[in-house]
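Working notes, beginning with the structure itself.
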Amino acid sequence: MDSTQRQRHRRSNPILCLAPNAAYQTTLLFDQVSLGQVNRATKQTNSLGGKGQNFAIASLGFTRDSDRVTLLQILGGSTGAQIEALERQQGIDFITVSTSQQTRTCTTCLDTSTGSMTELVGASEAIDPAAATEYEAVALELLQSSHPPRALALCGTFPPGLCPEQVARIIAAAKSSNNTLVFVDAVKDIQPTLATGGVDVLKINSAELASLSSVLQFAAPRDVVRAAAALANQYSIGVVAVTDGPSAAYLVDAKSSTSYKLRVPDLLMDLDYYLGKPADNSSHLVLNPLGAGDTCSAAMLNSLIDGAPAVDAFALGLAAASASCLVLMPNCVFDHPAMQRIHDRIAITTI
């Protein structure tokens, strides 16, 4: 499906993903990156980019079900056409609202000599006012249909021209019309959305939590769990899940007044075990974290709507995210056995 005109009155899959800020992603692998010099990649992939698009890829990999997620996106220009072509190729269901402006590009450089990742994100041009209006209208139509989605996922930033208040109205509609589960993996300009009181699950990292603490000016101590609990209390959020570096994560379940610490194993300490085979040093000198957070969100939300308790769903999300780091290219792809091996070694403690 590739135009809102042809998709009027169709229904969404179980998860409707708001993915307004897509990107055409190029990932380059280098033996070594030298600034100010000509650098020639040893490997290159062109793929989908943007948090919502990554969410859709990871959902497809986690559930192996192409009828699980519907992307609602805004695209324009030749890069927009390339994104749609990749989505069709991968079997991703999408609804596109068109804009006259070119969709942004994103280039990621992986340096195997240092294990570092450098990401170059192109400029996001302001979308047409008509596109912003149509985007909100299509989302509301899907949410208020006779077959609304079971969950609404808000992933990533908003392109210039899409107002935070428009997104907040979509979130409010999800809760008022059919009590759709609302999952948010976003921070920038998120205040109006949080203020609706309609967010069920907020998944962020510790740096983003600190940013929210400053921007929203709520009385949050420096401790991650207490800060997450304060945020949940102020905005009536049911679950706040926070990643804190590659090995630690925390979950505050406000409904049960319970908090958890999740310890993720160090992949490099036993790489052969997690890969399920001897590591090829030429391919695994660097872990690829690009899209890992989106993979976590996808596995977590899909597990939640399948009935998993929040902490168990988060553990599966962390395992899928870690497994995706073992695949250099493309992003958000992972091996299920590797995910299971990682999941088996995640330690969960009540705090």
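Naming scheme: A, B, ... for chains in displayed order of the structure tokens; residues 1 onward per chain; ligands 1 onward as shown.
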Worksheet entry | Exercise: Ser78 (chain A) partners within 12 Å, only C-alpha atoms, chain neighbours under 2 positions left out, as a ChimeraX atom specification | /A:23-24,75-76,80-85,98-105
Discussion item. Just to confirm, what's the straight-line distance from CA of Leu328 (chain A) to CA of Asp312 (chain A) in Å (one decimal)?
Written reply: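 Rounded to one decimal, the two atoms are 26.6 Å apart.
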Response to the item:
Counting only C-alpha atoms, closest pick from A:Thr45, A:Asn233, A:Gln191, A:Ser256 relative to Leu110 (chain A) is A:Thr45
Run DSSP on the backbone and give me the residues of region 9-216 of chain A it puts in helix (DSSP H, G or I), as an mmCIF file with N, CA, C and O atoms, in the first residue's frame.
```cif
data_model
loop_
_atom_site.group_PDB
_atom_site.id
_atom_site.type_symbol
_atom_site.label_atom_id
_atom_site.label_comp_id
_atom_site.auth_asym_id
_atom_site.auth_seq_id
_atom_site.Cartn_x
_atom_site.Cartn_y
_atom_site.Cartn_z
ATOM 1 N N LYS A 51 13.533 5.679 13.160
ATOM 2 C CA LYS A 51 13.184 4.802 14.269
ATOM 3 C C LYS A 51 11.938 3.965 13.992
ATOM 4 O O LYS A 51 11.884 2.785 14.336
ATOM 5 N N GLY A 52 10.944 4.549 13.374
ATOM 6 C CA GLY A 52 9.740 3.784 13.086
ATOM 7 C C GLY A 52 9.976 2.689 12.066
ATOM 8 O O GLY A 52 9.470 1.564 12.199
ATOM 9 N N GLN A 53 10.747 3.010 11.031
ATOM 10 C CA GLN A 53 11.068 2.005 10.018
ATOM 11 C C GLN A 53 11.905 0.875 10.633
ATOM 12 O O GLN A 53 11.693 -0.301 10.331
ATOM 13 N N ASN A 54 12.865 1.239 11.493
ATOM 14 C CA ASN A 54 13.630 0.213 12.201
ATOM 15 C C ASN A 54 12.717 -0.657 13.063
ATOM 16 O O ASN A 54 12.892 -1.879 13.159
ATOM 17 N N PHE A 55 11.751 -0.025 13.707
ATOM 18 C CA PHE A 55 10.784 -0.756 14.528
ATOM 19 C C PHE A 55 10.055 -1.802 13.687
ATOM 20 O O PHE A 55 9.857 -2.950 14.114
ATOM 21 N N ALA A 56 9.652 -1.420 12.482
ATOM 22 C CA ALA A 56 8.920 -2.341 11.606
ATOM 23 C C ALA A 56 9.803 -3.511 11.177
ATOM 24 O O ALA A 56 9.350 -4.668 11.139
ATOM 25 N N ILE A 57 11.058 -3.225 10.848
ATOM 26 C CA ILE A 57 11.988 -4.300 10.459
ATOM 27 C C ILE A 57 12.159 -5.289 11.600
ATOM 28 O O ILE A 57 12.087 -6.510 11.421
ATOM 29 N N ALA A 58 12.402 -4.758 12.798
ATOM 30 C CA ALA A 58 12.632 -5.629 13.949
ATOM 31 C C ALA A 58 11.372 -6.408 14.321
ATOM 32 O O ALA A 58 11.449 -7.575 14.732
ATOM 33 N N SER A 59 10.201 -5.785 14.195
ATOM 34 C CA SER A 59 8.947 -6.491 14.478
ATOM 35 C C SER A 59 8.768 -7.672 13.537
ATOM 36 O O SER A 59 8.366 -8.763 13.953
ATOM 37 N N LEU A 60 9.062 -7.447 12.265
ATOM 38 C CA LEU A 60 8.956 -8.516 11.284
ATOM 39 C C LEU A 60 9.915 -9.652 11.625
ATOM 40 O O LEU A 60 9.570 -10.836 11.551
ATOM 41 N N GLY A 61 11.137 -9.307 12.043
ATOM 42 C CA GLY A 61 12.094 -10.335 12.415
ATOM 43 C C GLY A 61 11.717 -11.058 13.691
ATOM 44 O O GLY A 61 11.932 -12.269 13.820
ATOM 45 N N PHE A 62 11.134 -10.337 14.648
ATOM 46 C CA PHE A 62 10.785 -10.939 15.937
ATOM 47 C C PHE A 62 9.573 -11.858 15.821
ATOM 48 O O PHE A 62 9.563 -12.961 16.372
ATOM 49 N N THR A 63 8.538 -11.407 15.117
ATOM 50 C CA THR A 63 7.290 -12.174 15.038
ATOM 51 C C THR A 63 7.210 -13.071 13.810
ATOM 52 O O THR A 63 6.411 -14.007 13.781
ATOM 53 N N GLY A 77 10.104 12.958 -2.558
ATOM 54 C CA GLY A 77 11.273 12.929 -3.438
ATOM 55 C C GLY A 77 11.757 11.534 -3.786
ATOM 56 O O GLY A 77 11.111 10.526 -3.507
ATOM 57 N N SER A 78 12.950 11.495 -4.396
ATOM 58 C CA SER A 78 13.504 10.218 -4.846
ATOM 59 C C SER A 78 13.880 9.319 -3.677
ATOM 60 O O SER A 78 13.757 8.090 -3.762
ATOM 61 N N THR A 79 14.337 9.901 -2.566
ATOM 62 C CA THR A 79 14.665 9.062 -1.409
ATOM 63 C C THR A 79 13.403 8.443 -0.821
ATOM 64 O O THR A 79 13.412 7.300 -0.350
ATOM 65 N N GLY A 80 12.310 9.184 -0.853
ATOM 66 C CA GLY A 80 11.050 8.613 -0.400
ATOM 67 C C GLY A 80 10.638 7.426 -1.250
ATOM 68 O O GLY A 80 10.161 6.409 -0.733
ATOM 69 N N ALA A 81 10.819 7.540 -2.565
ATOM 70 C CA ALA A 81 10.497 6.433 -3.468
ATOM 71 C C ALA A 81 11.385 5.225 -3.187
ATOM 72 O O ALA A 81 10.928 4.067 -3.236
ATOM 73 N N GLN A 82 12.663 5.466 -2.894
ATOM 74 C CA GLN A 82 13.568 4.359 -2.566
ATOM 75 C C GLN A 82 13.156 3.676 -1.268
ATOM 76 O O GLN A 82 13.248 2.444 -1.147
ATOM 77 N N ILE A 83 12.714 4.453 -0.303
ATOM 78 C CA ILE A 83 12.257 3.873 0.968
ATOM 79 C C ILE A 83 11.044 2.980 0.735
ATOM 80 O O ILE A 83 10.964 1.852 1.237
ATOM 81 N N GLU A 84 10.082 3.467 -0.045
ATOM 82 C CA GLU A 84 8.897 2.656 -0.330
ATOM 83 C C GLU A 84 9.273 1.363 -1.056
ATOM 84 O O GLU A 84 8.713 0.294 -0.773
ATOM 85 N N ALA A 85 10.213 1.446 -1.980
ATOM 86 C CA ALA A 85 10.634 0.252 -2.715
ATOM 87 C C ALA A 85 11.243 -0.787 -1.767
ATOM 88 O O ALA A 85 10.974 -1.989 -1.884
ATOM 89 N N LEU A 86 12.053 -0.334 -0.813
ATOM 90 C CA LEU A 86 12.638 -1.254 0.167
ATOM 91 C C LEU A 86 11.566 -1.859 1.062
ATOM 92 O O LEU A 86 11.633 -3.043 1.420
ATOM 93 N N GLU A 87 10.582 -1.068 1.432
ATOM 94 C CA GLU A 87 9.506 -1.587 2.286
ATOM 95 C C GLU A 87 8.691 -2.650 1.552
ATOM 96 O O GLU A 87 8.326 -3.682 2.136
ATOM 97 N N ARG A 88 8.393 -2.403 0.288
ATOM 98 C CA ARG A 88 7.681 -3.422 -0.483
ATOM 99 C C ARG A 88 8.508 -4.695 -0.579
ATOM 100 O O ARG A 88 7.987 -5.808 -0.438
ATOM 101 N N GLN A 89 9.792 -4.524 -0.841
ATOM 102 C CA GLN A 89 10.682 -5.675 -0.987
ATOM 103 C C GLN A 89 10.717 -6.521 0.289
ATOM 104 O O GLN A 89 10.785 -7.750 0.220
ATOM 105 N N GLN A 90 10.650 -5.858 1.445
ATOM 106 C CA GLN A 90 10.748 -6.576 2.715
ATOM 107 C C GLN A 90 9.396 -7.011 3.269
ATOM 108 O O GLN A 90 9.333 -7.653 4.318
ATOM 109 N N PRO A 129 2.406 21.887 4.923
ATOM 110 C CA PRO A 129 1.317 21.970 5.918
ATOM 111 C C PRO A 129 0.176 20.988 5.626
ATOM 112 O O PRO A 129 -0.405 20.414 6.547
ATOM 113 N N ALA A 130 -0.114 20.794 4.356
ATOM 114 C CA ALA A 130 -1.189 19.861 3.996
ATOM 115 C C ALA A 130 -0.827 18.430 4.391
ATOM 116 O O ALA A 130 -1.700 17.641 4.776
ATOM 117 N N ALA A 131 0.463 18.091 4.304
ATOM 118 C CA ALA A 131 0.903 16.752 4.687
ATOM 119 C C ALA A 131 0.742 16.536 6.184
ATOM 120 O O ALA A 131 0.337 15.460 6.635
ATOM 121 N N ALA A 132 1.065 17.554 6.970
ATOM 122 C CA ALA A 132 0.911 17.445 8.419
ATOM 123 C C ALA A 132 -0.561 17.258 8.789
ATOM 124 O O ALA A 132 -0.903 16.426 9.639
ATOM 125 N N THR A 133 -1.433 18.014 8.142
ATOM 126 C CA THR A 133 -2.865 17.894 8.410
ATOM 127 C C THR A 133 -3.374 16.511 8.026
ATOM 128 O O THR A 133 -4.153 15.878 8.754
ATOM 129 N N GLU A 134 -2.923 16.025 6.857
ATOM 130 C CA GLU A 134 -3.375 14.714 6.388
ATOM 131 C C GLU A 134 -2.842 13.596 7.283
ATOM 132 O O GLU A 134 -3.550 12.619 7.553
ATOM 133 N N TYR A 135 -1.606 13.743 7.753
ATOM 134 C CA TYR A 135 -1.027 12.716 8.615
ATOM 135 C C TYR A 135 -1.884 12.524 9.866
ATOM 136 O O TYR A 135 -2.211 11.391 10.248
ATOM 137 N N GLU A 136 -2.253 13.622 10.500
ATOM 138 C CA GLU A 136 -3.105 13.535 11.694
ATOM 139 C C GLU A 136 -4.457 12.927 11.342
ATOM 140 O O GLU A 136 -4.974 12.064 12.077
ATOM 141 N N ALA A 137 -5.025 13.331 10.224
ATOM 142 C CA ALA A 137 -6.348 12.839 9.841
ATOM 143 C C ALA A 137 -6.339 11.341 9.579
ATOM 144 O O ALA A 137 -7.263 10.618 9.990
ATOM 145 N N VAL A 138 -5.309 10.845 8.910
ATOM 146 C CA VAL A 138 -5.232 9.414 8.612
ATOM 147 C C VAL A 138 -5.061 8.616 9.907
ATOM 148 O O VAL A 138 -5.692 7.573 10.108
ATOM 149 N N ALA A 139 -4.204 9.111 10.812
ATOM 150 C CA ALA A 139 -4.012 8.418 12.089
ATOM 151 C C ALA A 139 -5.328 8.345 12.855
ATOM 152 O O ALA A 139 -5.689 7.278 13.397
ATOM 153 N N LEU A 140 -6.060 9.454 12.919
ATOM 154 C CA LEU A 140 -7.332 9.458 13.645
ATOM 155 C C LEU A 140 -8.343 8.530 12.986
ATOM 156 O O LEU A 140 -9.110 7.843 13.674
ATOM 157 N N GLU A 141 -8.346 8.497 11.657
ATOM 158 C CA GLU A 141 -9.272 7.608 10.951
ATOM 159 C C GLU A 141 -9.004 6.154 11.305
ATOM 160 O O GLU A 141 -9.938 5.378 11.562
ATOM 161 N N LEU A 142 -7.749 5.762 11.327
ATOM 162 C CA LEU A 142 -7.401 4.381 11.653
ATOM 163 C C LEU A 142 -7.729 4.043 13.104
ATOM 164 O O LEU A 142 -8.225 2.953 13.410
ATOM 165 N N LEU A 143 -7.450 4.979 14.013
ATOM 166 C CA LEU A 143 -7.710 4.733 15.429
ATOM 167 C C LEU A 143 -9.200 4.680 15.744
ATOM 168 O O LEU A 143 -9.621 3.976 16.671
ATOM 169 N N PRO A 164 4.140 19.081 17.634
ATOM 170 C CA PRO A 164 3.955 18.166 18.763
ATOM 171 C C PRO A 164 2.501 18.083 19.217
ATOM 172 O O PRO A 164 2.044 17.028 19.656
ATOM 173 N N GLU A 165 1.759 19.186 19.094
ATOM 174 C CA GLU A 165 0.356 19.178 19.502
ATOM 175 C C GLU A 165 -0.492 18.276 18.605
ATOM 176 O O GLU A 165 -1.477 17.680 19.061
ATOM 177 N N GLN A 166 -0.111 18.158 17.325
ATOM 178 C CA GLN A 166 -0.836 17.255 16.435
ATOM 179 C C GLN A 166 -0.629 15.811 16.861
ATOM 180 O O GLN A 166 -1.571 15.013 16.893
ATOM 181 N N VAL A 167 0.599 15.477 17.204
ATOM 182 C CA VAL A 167 0.895 14.122 17.668
ATOM 183 C C VAL A 167 0.169 13.849 18.987
ATOM 184 O O VAL A 167 -0.374 12.759 19.204
ATOM 185 N N ALA A 168 0.136 14.834 19.872
ATOM 186 C CA ALA A 168 -0.559 14.672 21.152
ATOM 187 C C ALA A 168 -2.040 14.391 20.936
ATOM 188 O O ALA A 168 -2.649 13.595 21.665
ATOM 189 N N ARG A 169 -2.644 15.022 19.941
ATOM 190 C CA ARG A 169 -4.064 14.768 19.665
ATOM 191 C C ARG A 169 -4.279 13.333 19.204
ATOM 192 O O ARG A 169 -5.294 12.705 19.520
ATOM 193 N N ILE A 170 -3.318 12.797 18.455
ATOM 194 C CA ILE A 170 -3.410 11.397 18.027
ATOM 195 C C ILE A 170 -3.335 10.477 19.241
ATOM 196 O O ILE A 170 -4.114 9.518 19.370
ATOM 197 N N ILE A 171 -2.408 10.765 20.151
ATOM 198 C CA ILE A 171 -2.252 9.944 21.348
ATOM 199 C C ILE A 171 -3.522 10.006 22.194
ATOM 200 O O ILE A 171 -4.013 8.977 22.689
ATOM 201 N N ALA A 172 -4.061 11.192 22.363
ATOM 202 C CA ALA A 172 -5.283 11.341 23.150
ATOM 203 C C ALA A 172 -6.439 10.562 22.534
ATOM 204 O O ALA A 172 -7.237 9.933 23.245
ATOM 205 N N ALA A 173 -6.523 10.565 21.209
ATOM 206 C CA ALA A 173 -7.591 9.836 20.528
ATOM 207 C C ALA A 173 -7.452 8.338 20.727
ATOM 208 O O ALA A 173 -8.449 7.623 20.846
ATOM 209 N N ALA A 174 -6.208 7.862 20.762
ATOM 210 C CA ALA A 174 -5.979 6.430 20.958
ATOM 211 C C ALA A 174 -6.539 5.966 22.293
ATOM 212 O O ALA A 174 -7.061 4.853 22.417
ATOM 213 N N LYS A 175 -6.437 6.813 23.307
ATOM 214 C CA LYS A 175 -6.923 6.424 24.628
ATOM 215 C C LYS A 175 -8.418 6.661 24.793
ATOM 216 O O LYS A 175 -9.118 5.870 25.423
ATOM 217 N N SER A 176 -8.929 7.734 24.213
ATOM 218 C CA SER A 176 -10.326 8.091 24.457
ATOM 219 C C SER A 176 -11.297 7.249 23.649
ATOM 220 O O SER A 176 -12.407 6.947 24.105
ATOM 221 N N SER A 177 -10.892 6.832 22.448
ATOM 222 C CA SER A 177 -11.851 6.164 21.565
ATOM 223 C C SER A 177 -11.906 4.657 21.755
ATOM 224 O O SER A 177 -12.965 4.052 21.670
ATOM 225 N N ASN A 178 -10.753 4.034 22.011
ATOM 226 C CA ASN A 178 -10.770 2.565 22.056
ATOM 227 C C ASN A 178 -9.770 1.979 23.039
ATOM 228 O O ASN A 178 -9.565 0.775 23.056
ATOM 229 N N GLN A 191 6.688 16.663 25.335
ATOM 230 C CA GLN A 191 5.919 17.163 26.478
ATOM 231 C C GLN A 191 4.412 17.155 26.249
ATOM 232 O O GLN A 191 3.662 16.688 27.116
ATOM 233 N N PRO A 192 3.891 17.644 25.100
ATOM 234 C CA PRO A 192 2.439 17.612 24.904
ATOM 235 C C PRO A 192 1.867 16.195 24.910
ATOM 236 O O PRO A 192 0.756 15.975 25.401
ATOM 237 N N THR A 193 2.636 15.239 24.385
ATOM 238 C CA THR A 193 2.174 13.852 24.395
ATOM 239 C C THR A 193 2.088 13.315 25.818
ATOM 240 O O THR A 193 1.099 12.682 26.204
ATOM 241 N N LEU A 194 3.106 13.555 26.628
ATOM 242 C CA LEU A 194 3.073 13.091 28.015
ATOM 243 C C LEU A 194 1.941 13.764 28.788
ATOM 244 O O LEU A 194 1.299 13.137 29.646
ATOM 245 N N ALA A 195 1.694 15.019 28.476
ATOM 246 C CA ALA A 195 0.675 15.773 29.207
ATOM 247 C C ALA A 195 -0.735 15.246 28.966
ATOM 248 O O ALA A 195 -1.645 15.540 29.749
ATOM 249 N N SER A 206 19.020 6.341 29.692
ATOM 250 C CA SER A 206 19.256 7.156 30.886
ATOM 251 C C SER A 206 19.580 8.604 30.538
ATOM 252 O O SER A 206 19.179 9.530 31.262
ATOM 253 N N ALA A 207 20.281 8.829 29.412
ATOM 254 C CA ALA A 207 20.568 10.204 28.997
ATOM 255 C C ALA A 207 19.281 10.929 28.626
ATOM 256 O O ALA A 207 19.103 12.114 28.932
ATOM 257 N N GLU A 208 18.366 10.226 27.963
ATOM 258 C CA GLU A 208 17.087 10.827 27.602
ATOM 259 C C GLU A 208 16.243 11.100 28.848
ATOM 260 O O GLU A 208 15.534 12.102 28.918
ATOM 261 N N LEU A 209 16.326 10.207 29.828
ATOM 262 C CA LEU A 209 15.620 10.435 31.088
ATOM 263 C C LEU A 209 16.129 11.696 31.775
ATOM 264 O O LEU A 209 15.344 12.506 32.279
ATOM 265 N N ALA A 210 17.453 11.876 31.773
ATOM 266 C CA ALA A 210 18.027 13.086 32.361
ATOM 267 C C ALA A 210 17.568 14.327 31.608
ATOM 268 O O ALA A 210 17.286 15.368 32.206
ATOM 269 N N SER A 211 17.472 14.209 30.290
ATOM 270 C CA SER A 211 17.001 15.331 29.475
ATOM 271 C C SER A 211 15.559 15.688 29.818
ATOM 272 O O SER A 211 15.216 16.858 29.959
ATOM 273 N N LEU A 212 14.719 14.672 29.964
ATOM 274 C CA LEU A 212 13.338 14.925 30.329
ATOM 275 C C LEU A 212 13.238 15.553 31.715
ATOM 276 O O LEU A 212 12.404 16.426 31.966
ATOM 277 N N SER A 213 14.099 15.100 32.612
ATOM 278 C CA SER A 213 14.094 15.649 33.970
ATOM 279 C C SER A 213 14.347 17.143 33.936
ATOM 280 O O SER A 213 13.753 17.906 34.695
ATOM 281 N N SER A 214 15.225 17.575 33.025
ATOM 282 C CA SER A 214 15.554 18.990 32.913
ATOM 283 C C SER A 214 14.473 19.767 32.182
ATOM 284 O O SER A 214 14.009 20.815 32.642
ATOM 285 N N VAL A 215 14.038 19.234 31.052
ATOM 286 C CA VAL A 215 13.081 19.953 30.211
ATOM 287 C C VAL A 215 11.717 20.058 30.884
ATOM 288 O O VAL A 215 11.063 21.097 30.864
ATOM 289 N N LEU A 216 11.281 18.959 31.500
ATOM 290 C CA LEU A 216 9.950 18.939 32.094
ATOM 291 C C LEU A 216 9.932 19.511 33.506
ATOM 292 O O LEU A 216 8.882 19.757 34.074
#
```
Discussion item. From the options A:Leu275, A:Ala338, A:Leu326, A:Ile15, which residue's atoms come nearest to Pro148 (chain A), counting only C-alpha atoms?
Written reply: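 Ranked by minimum distance to Pro148 (chain A), first place goes to A:Ile15.
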Fill in: Minimum-distance residue to Arg263 (chain A), chosen among A:Ile204, A:Val199, A:Ala249, A:Ile74 (using only C-alpha atoms)
A:Ala249
